[in-house]
Every structure is written in structure tokens, then in C-alpha cells.
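To be precise, the following lines are entry_24.pdb, and they hold PDB, C-alpha atoms.
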```pdb
ATOM      1  CA  MET A   8      -1.491  41.878 -32.637
ATOM      2  CA  LYS A   9       0.296  38.566 -32.722
ATOM      3  CA  LYS A  10       1.008  38.776 -29.003
ATOM      4  CA  LEU A  11      -2.670  39.583 -28.335
ATOM      5  CA  LEU A  12      -3.810  36.514 -30.290
ATOM      6  CA  LEU A  13      -1.358  34.297 -28.412
ATOM      7  CA  PHE A  14      -2.607  35.727 -25.115
ATOM      8  CA  LEU A  15      -6.252  35.094 -26.041
ATOM      9  CA  ALA A  16      -5.448  31.547 -27.160
ATOM     10  CA  ALA A  17      -3.653  30.857 -23.876
ATOM     11  CA  MET A  18      -6.536  32.367 -21.885
ATOM     12  CA  LEU A  19      -9.122  30.230 -23.721
ATOM     13  CA  ALA A  20      -7.054  27.113 -23.100
ATOM     14  CA  GLY A  21      -6.909  28.030 -19.429
ATOM     15  CA  MET A  22     -10.656  28.607 -19.318
ATOM     16  CA  GLN A  23     -11.319  25.230 -20.965
ATOM     17  CA  THR A  24      -9.052  23.521 -18.453
ATOM     18  CA  ALA A  25     -10.788  25.243 -15.555
ATOM     19  CA  PHE A  26     -14.273  24.410 -16.801
ATOM     20  CA  ALA A  27     -13.261  20.802 -17.450
ATOM     21  CA  GLN A  28     -12.403  20.081 -13.815
ATOM     22  CA  LYS A  29     -16.031  19.197 -12.997
ATOM     23  CA  MET A  30     -18.443  16.763 -14.649
ATOM     24  CA  THR A  31     -22.129  16.460 -13.789
ATOM     25  CA  VAL A  32     -23.947  13.172 -14.438
ATOM     26  CA  ASN A  33     -27.748  13.393 -14.580
ATOM     27  CA  LEU A  34     -29.282  10.120 -13.353
ATOM     28  CA  VAL A  35     -32.662   8.617 -14.117
ATOM     29  CA  GLY A  36     -35.143   9.997 -11.596
ATOM     30  CA  GLY A  37     -33.751  13.524 -11.576
ATOM     31  CA  GLU A  38     -30.744  13.128  -9.272
ATOM     32  CA  SER A  39     -27.459  14.678 -10.388
ATOM     33  CA  VAL A  40     -23.975  13.616  -9.329
ATOM     34  CA  GLU A  41     -20.924  15.848  -9.772
ATOM     35  CA  TYR A  42     -17.422  14.442 -10.163
ATOM     36  CA  ASP A  43     -14.037  16.125  -9.857
ATOM     37  CA  LEU A  44     -12.300  15.061 -13.054
ATOM     38  CA  THR A  45      -8.878  15.368 -11.485
ATOM     39  CA  THR A  46      -9.752  12.254  -9.443
ATOM     40  CA  VAL A  47     -11.149  10.240 -12.389
ATOM     41  CA  GLU A  48      -8.681   7.909 -14.084
ATOM     42  CA  SER A  49     -11.049   6.475 -16.709
ATOM     43  CA  VAL A  50     -14.727   6.144 -17.626
ATOM     44  CA  THR A  51     -16.178   2.848 -18.871
ATOM     45  CA  PHE A  52     -19.597   2.509 -20.480
ATOM     46  CA  SER A  53     -21.362  -0.856 -20.517
ATOM     47  CA  GLU A  54     -24.841  -2.266 -20.931
ATOM     48  CA  LYS A  55     -26.188  -4.692 -18.344
ATOM     49  CA  GLU A  56     -29.608  -6.271 -18.106
ATOM     50  CA  THR A  57     -31.271  -5.111 -14.899
ATOM     51  CA  PRO A  58     -33.825  -7.473 -13.337
ATOM     52  CA  ILE A  59     -37.112  -5.862 -12.336
ATOM     53  CA  ILE A  60     -36.977  -6.222  -8.560
ATOM     54  CA  GLU A  61     -38.926  -3.162  -7.444
ATOM     55  CA  SER A  62     -42.197  -5.089  -7.158
ATOM     56  CA  HIS A  63     -41.369  -6.255  -3.609
ATOM     57  CA  ASP A  64     -39.162  -5.073  -0.765
ATOM     58  CA  PHE A  65     -35.812  -6.718  -0.168
ATOM     59  CA  VAL A  66     -32.898  -6.578   2.265
ATOM     60  CA  ASP A  67     -29.254  -6.224   1.291
ATOM     61  CA  LEU A  68     -27.268  -8.226   3.835
ATOM     62  CA  GLY A  69     -23.952  -7.354   2.221
ATOM     63  CA  LEU A  70     -23.319 -10.989   1.281
ATOM     64  CA  PRO A  71     -20.372 -11.831  -1.002
ATOM     65  CA  SER A  72     -22.694 -13.158  -3.732
ATOM     66  CA  GLY A  73     -24.723  -9.928  -3.766
ATOM     67  CA  THR A  74     -27.954 -11.850  -3.109
ATOM     68  CA  LEU A  75     -30.808  -9.673  -1.871
ATOM     69  CA  TRP A  76     -33.321 -11.466   0.351
ATOM     70  CA  ALA A  77     -37.039 -10.689   0.217
ATOM     71  CA  THR A  78     -38.498  -9.164   3.384
ATOM     72  CA  CYS A  79     -41.539 -11.471   3.205
ATOM     73  CA  ASN A  80     -42.342 -14.992   2.125
ATOM     74  CA  LEU A  81     -44.282 -15.608  -1.051
ATOM     75  CA  GLY A  82     -47.954 -14.970  -0.347
ATOM     76  CA  ALA A  83     -47.233 -12.910   2.775
ATOM     77  CA  GLU A  84     -47.826  -9.188   3.214
ATOM     78  CA  VAL A  85     -45.627  -8.716   6.297
ATOM     79  CA  PRO A  86     -42.500 -10.591   7.503
ATOM     80  CA  GLU A  87     -44.410 -12.324  10.309
ATOM     81  CA  GLN A  88     -46.789 -14.157   7.966
ATOM     82  CA  PRO A  89     -45.763 -17.655   6.779
ATOM     83  CA  GLY A  90     -47.114 -17.051   3.290
ATOM     84  CA  ASP A  91     -48.052 -19.799   0.831
ATOM     85  CA  PHE A  92     -46.644 -23.313   0.608
ATOM     86  CA  TYR A  93     -45.180 -24.824  -2.563
ATOM     87  CA  ALA A  94     -43.416 -28.003  -3.542
ATOM     88  CA  TRP A  95     -39.988 -27.279  -5.051
ATOM     89  CA  GLY A  96     -40.306 -26.630  -8.773
ATOM     90  CA  GLU A  97     -44.084 -26.094  -8.644
ATOM     91  CA  THR A  98     -45.841 -22.775  -9.063
ATOM     92  CA  GLU A  99     -49.221 -23.351  -7.429
ATOM     93  CA  THR A 100     -50.423 -24.342  -3.969
ATOM     94  CA  LYS A 101     -52.386 -27.600  -3.581
ATOM     95  CA  GLU A 102     -54.298 -29.678  -1.037
ATOM     96  CA  THR A 103     -51.861 -32.595  -0.755
ATOM     97  CA  TYR A 104     -48.080 -32.542  -0.947
ATOM     98  CA  ASN A 105     -46.729 -36.017  -1.728
ATOM     99  CA  TRP A 106     -45.075 -37.950  -4.554
ATOM    100  CA  ALA A 107     -48.430 -38.775  -6.144
ATOM    101  CA  SER A 108     -49.222 -35.079  -6.556
ATOM    102  CA  TYR A 109     -45.713 -33.881  -7.439
ATOM    103  CA  ALA A 110     -45.413 -32.354 -10.913
ATOM    104  CA  HIS A 111     -41.945 -33.675 -11.736
ATOM    105  CA  CYS A 112     -42.287 -37.396 -11.082
ATOM    106  CA  ASN A 113     -44.614 -40.281 -11.866
ATOM    107  CA  GLY A 114     -45.879 -40.930  -8.373
ATOM    108  CA  SER A 115     -42.748 -41.979  -6.529
ATOM    109  CA  SER A 116     -39.341 -40.733  -5.394
ATOM    110  CA  THR A 117     -37.659 -42.981  -7.985
ATOM    111  CA  SER A 118     -39.635 -41.825 -11.023
ATOM    112  CA  PHE A 119     -38.460 -38.258 -11.511
ATOM    113  CA  THR A 120     -39.183 -36.829 -14.956
ATOM    114  CA  LYS A 121     -37.200 -33.601 -14.495
ATOM    115  CA  TYR A 122     -34.387 -32.261 -12.316
ATOM    116  CA  CYS A 123     -32.781 -35.682 -12.041
ATOM    117  CA  THR A 124     -29.018 -36.311 -11.943
ATOM    118  CA  ASP A 125     -29.056 -39.967 -10.848
ATOM    119  CA  ALA A 126     -30.724 -42.778 -12.812
ATOM    120  CA  TYR A 127     -31.820 -44.449  -9.559
ATOM    121  CA  TYR A 128     -34.315 -41.622  -9.024
ATOM    122  CA  GLY A 129     -35.722 -41.452 -12.551
ATOM    123  CA  THR A 130     -34.976 -40.112 -16.005
ATOM    124  CA  VAL A 131     -31.671 -38.266 -15.953
ATOM    125  CA  ASP A 132     -31.694 -34.810 -17.514
ATOM    126  CA  GLY A 133     -28.758 -33.401 -15.554
ATOM    127  CA  LYS A 134     -30.757 -30.398 -14.389
ATOM    128  CA  SER A 135     -30.250 -29.303 -10.805
ATOM    129  CA  LYS A 136     -31.066 -25.601 -11.063
ATOM    130  CA  ILE A 137     -34.695 -24.547 -11.154
ATOM    131  CA  GLU A 138     -35.839 -23.088 -14.477
ATOM    132  CA  PRO A 139     -37.834 -19.822 -14.647
ATOM    133  CA  ALA A 140     -40.955 -21.648 -15.868
ATOM    134  CA  ASP A 141     -40.910 -23.775 -12.696
ATOM    135  CA  ASP A 142     -39.901 -20.989 -10.322
ATOM    136  CA  VAL A 143     -42.876 -19.708  -8.328
ATOM    137  CA  ALA A 144     -41.034 -16.537  -7.262
ATOM    138  CA  THR A 145     -40.366 -15.607 -10.884
ATOM    139  CA  GLY A 146     -43.921 -16.449 -11.877
ATOM    140  CA  LYS A 147     -45.618 -14.587  -9.018
ATOM    141  CA  TRP A 148     -43.269 -11.626  -8.511
ATOM    142  CA  GLY A 149     -41.663 -11.154 -11.908
ATOM    143  CA  GLU A 150     -38.278 -11.164 -13.571
ATOM    144  CA  GLY A 151     -35.309 -10.929 -11.225
ATOM    145  CA  TRP A 152     -36.996 -12.826  -8.380
ATOM    146  CA  TYR A 153     -36.318 -16.521  -7.858
ATOM    147  CA  ILE A 154     -36.277 -19.273  -5.242
ATOM    148  CA  PRO A 155     -32.857 -19.329  -3.540
ATOM    149  CA  THR A 156     -30.332 -21.959  -4.470
ATOM    150  CA  GLN A 157     -28.647 -24.359  -2.083
ATOM    151  CA  GLU A 158     -25.504 -22.232  -2.313
ATOM    152  CA  GLN A 159     -27.417 -19.086  -1.336
ATOM    153  CA  PHE A 160     -28.959 -20.786   1.683
ATOM    154  CA  ALA A 161     -25.510 -22.003   2.701
ATOM    155  CA  GLU A 162     -24.214 -18.454   2.433
ATOM    156  CA  LEU A 163     -27.121 -17.130   4.514
ATOM    157  CA  VAL A 164     -26.383 -19.523   7.392
ATOM    158  CA  ASN A 165     -22.609 -19.053   7.176
ATOM    159  CA  THR A 166     -21.549 -17.583  10.515
ATOM    160  CA  ASP A 167     -18.737 -15.707   8.778
ATOM    161  CA  TYR A 168     -21.407 -13.450   7.257
ATOM    162  CA  THR A 169     -24.462 -13.506   9.554
ATOM    163  CA  THR A 170     -25.632 -14.035  13.121
ATOM    164  CA  TRP A 171     -28.862 -15.815  14.057
ATOM    165  CA  GLN A 172     -31.118 -14.942  16.971
ATOM    166  CA  ARG A 173     -34.343 -16.640  18.008
ATOM    167  CA  THR A 174     -36.867 -13.905  18.680
ATOM    168  CA  THR A 175     -40.500 -12.811  18.433
ATOM    169  CA  GLN A 176     -41.740 -10.228  15.975
ATOM    170  CA  GLY A 177     -45.361  -9.122  15.787
ATOM    171  CA  GLY A 178     -46.258 -11.914  18.177
ATOM    172  CA  VAL A 179     -44.732 -14.557  15.898
ATOM    173  CA  SER A 180     -41.724 -16.709  16.779
ATOM    174  CA  GLY A 181     -38.929 -16.760  14.291
ATOM    175  CA  LEU A 182     -35.272 -16.172  13.544
ATOM    176  CA  LYS A 183     -33.621 -12.804  13.047
ATOM    177  CA  VAL A 184     -30.714 -13.040  10.620
ATOM    178  CA  THR A 185     -28.328 -10.102  10.935
ATOM    179  CA  SER A 186     -25.506  -9.193   8.577
ATOM    180  CA  LYS A 187     -22.021  -8.844  10.018
ATOM    181  CA  ALA A 188     -21.137  -6.612   7.082
ATOM    182  CA  ASN A 189     -23.749  -3.849   7.379
ATOM    183  CA  GLY A 190     -26.036  -4.669  10.325
ATOM    184  CA  ASN A 191     -29.137  -5.169   8.144
ATOM    185  CA  SER A 192     -31.423  -8.024   9.119
ATOM    186  CA  VAL A 193     -34.258 -10.201   7.844
ATOM    187  CA  PHE A 194     -36.900 -12.011   9.913
ATOM    188  CA  LEU A 195     -37.743 -15.643   9.120
ATOM    189  CA  PRO A 196     -41.048 -16.697  10.735
ATOM    190  CA  MET A 197     -41.394 -20.271  11.939
ATOM    191  CA  GLY A 198     -44.256 -20.902   9.578
ATOM    192  CA  GLY A 199     -43.776 -24.624   9.100
ATOM    193  CA  GLY A 200     -44.569 -26.500   5.919
ATOM    194  CA  TYR A 201     -46.598 -29.452   4.621
ATOM    195  CA  ARG A 202     -46.097 -33.181   4.454
ATOM    196  CA  ALA A 203     -48.947 -34.809   2.528
ATOM    197  CA  SER A 204     -51.941 -32.817   3.810
ATOM    198  CA  SER A 205     -50.516 -32.107   7.272
ATOM    199  CA  ARG A 206     -48.354 -29.232   8.443
ATOM    200  CA  ALA A 207     -44.655 -30.078   8.694
ATOM    201  CA  THR A 208     -41.527 -28.024   9.314
ATOM    202  CA  ALA A 209     -40.100 -26.936   5.961
ATOM    203  CA  ARG A 210     -40.288 -23.395   4.584
ATOM    204  CA  THR A 211     -38.947 -21.353   1.692
ATOM    205  CA  MET A 212     -38.318 -17.698   1.092
ATOM    206  CA  ALA A 213     -38.046 -15.919  -2.238
ATOM    207  CA  THR A 214     -34.881 -14.016  -3.029
ATOM    208  CA  THR A 215     -33.686 -11.785  -5.781
ATOM    209  CA  GLY A 216     -30.302 -11.340  -7.320
ATOM    210  CA  ARG A 217     -28.453  -8.059  -7.426
ATOM    211  CA  ALA A 218     -29.240  -6.044 -10.512
ATOM    212  CA  THR A 219     -25.824  -6.903 -11.902
ATOM    213  CA  SER A 220     -26.877 -10.269 -11.525
ATOM    214  CA  THR A 221     -26.883 -13.287  -9.442
ATOM    215  CA  ALA A 222     -30.342 -13.849 -10.907
ATOM    216  CA  ALA A 223     -30.838 -17.226 -12.564
TER     217      ALA A 223
END
```
Would you kindly transcribe this structure into C-alpha cells?
Amino acid sequence: MKKLLLFLAAMLAGMQTAFAQKMTVNLVGGESVEYDLTTVESVTFSEKETPIIESHDFVDLGLPSGTLWATCNLGAEVPEQPGDFYAWGETETKETYNWASYAHCNGSSTSFTKYCTDAYYGTVDGKSKIEPADDVATGKWGEGWYIPTQEQFAELVNTDYTTWQRTTQGGVSGLKVTSKANGNSVFLPMGGGYRASSRATARTMATTGRATSTAA
């Protein structure tokens, strides 16, 4: 009897070991992923805030920062459209784009009331990064979307990460930016910009941070 009990105990231990070789993880949305536990060294659980970025399409260019670039400009429905025009740090379009109409100064380039790091240009507040309340991408598209920073633009034009090709898409001239990491690309239409009430040459595109979060 004792030998039988030892045999059963050994068999149960063997069965538990056999059954424990596989682990199935059920993901949100119904997908299931199965892991071989013999290849898993450790499991870490953590909570991270995930920006809501599903409201608009984006392209992962495999950039080191993890920045995901929007497929269209703000106000555009397809990549070829220029979209709307905004002064930096403003959230609405307007008829005239000059210092007199700019929200963050008192009528001149030396009277800044916000986003000033040099007393020559106005009241110093030390802010150089756009806040969510002044970010048109965040306001129009929701949490997780924001106007790209200078560093993100620099990364986008860095030839270590992307190639640039002048091309035409949908009958519109523009630049095709292609990732060297994964071959994905984004089209930037030559939509121009505004100086005072006349069209000029500047443009902006909204971006979003990776869910883990380059978001501001």
C-alpha cells in the first residue's frame, strides 16, 4: 500500500510538471498567446498608462525614440492634403498669422508672455516644451497625440534612420520619408504655410508617442 501511494504521488508530480510546460495568456480582444515555460526565465507585471492613439492612423518608422508619426496632417483626411495651419502653441486657425495676433506675446517678437527662455524676448518662464493645453494635436485628436518636438524632427531627418525622396502622391508633390529600420514610410505634402495672411513655406505634422511613452 505504501509503495502504491508513493507511486501515485510520483505520477501526480510528473503530471503537474508535464501540464506546467505550457502557459496560455488571453489578451484583450480575444487573442490568445501560448508560451513554453521552459523558455521563460521570469515574468514581470507592471502598470503603464497607455495614451489613446487609436483615433487616427500612424506609421511606426522604427525610430530609436519610439515616436509614431501620423499619416496625415491635422485637418487632413488623406496624406496628400495639407490640412489646417496653426501658429506654434495655438489651437485654432485664424485669418492673419503675425506677432499682433499671436497668443503668447504682446504684439512683438520681444514681448513673449509664455515659452520664453531669454529676457530679451519677453517674460522668462523657462518653458520650451509645449503644454497639453496649448497643443492643437492633443486638443483636436486626444490624449497621446502631440505636436512633435525639435528633437523628434531632428530624428526624422537623421539620415542614419531615414531616407528622403521627392515624389508625387495623388497628384501632390511632397517628400516620402522611408525608415531604414523597417521600410515603412510617411508622405509629407508640400502644403506650405502662412506668413501674415499670405501663404508661406512652413508646415507641421502631428505625431504620437509610443504607448509606453514618448508622449509629453
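Within the file as shown, the PyMOL selection byres ((chain A and resi 164) around 12) identifies Leu68, Leu70, Gln157, Glu158, Gln159, Phe160, Ala161, Glu162, Leu163, Asn165, Thr166, Asp167, Tyr168, Thr169, Thr170, Trp171, Gln172, Leu182, Lys183, Val184, Thr185, Ser186 and Lys187 of chain A.
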Counting only C-alpha atoms, what is within 7 Å of Trp106 in chain A, bar same-chain residues fewer than 4 positions away, as a ChimeraX atom specification?
-> /A:114-116
With C-alpha atoms retained, export the selected residues as a PDB file, in the frame of the given file.
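And here's result28.pdb as it stands now:
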```pdb
ATOM      1  CA  GLY A 114     -45.879 -40.930  -8.373  1.00  0.00           C
ATOM      2  CA  SER A 115     -42.748 -41.979  -6.529  1.00  0.00           C
ATOM      3  CA  SER A 116     -39.341 -40.733  -5.394  1.00  0.00           C
TER       4      SER A 116
END
```
Return as lines of an AutoDock Vina configuration file the box centre and box size in Å, one decimal, for an axis-aligned box around all listed atoms of range 98-106 of chain A padded by 4 Å per side.
```
center_x = -49.7
center_y = -30.4
center_z = -4.9
size_x = 17.2
size_y = 23.2
size_z = 16.3
```
Counting only C-alpha atoms, what is within 10 Å of Tyr127 in chain A, bar same-chain residues fewer than 5 positions away, as a JSON list (two decimals) with C-alpha atoms, in the frame of the given file?
```json
[["chain", "number", "residue", "atom", "x", "y", "z"],
["A", 116, "SER", "CA", -39.34, -40.73, -5.39],
["A", 117, "THR", "CA", -37.66, -42.98, -7.98],
["A", 118, "SER", "CA", -39.64, -41.82, -11.02],
["A", 119, "PHE", "CA", -38.46, -38.26, -11.51]]
```
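Computed from the coordinates, the CA of Val131 in chain A to CA of Ala107 in chain A distance equals 19.4 Å.
The smallest atom-to-atom distance between Gly151 in chain A and any of A:Thr31, A:Asp91, A:Phe65, A:Thr175, using all atoms listed in the file, is found for A:Phe65.
Straight-line separation from CA of Pro86 in chain A to CA of Pro196 in chain A: 7.1 Å.
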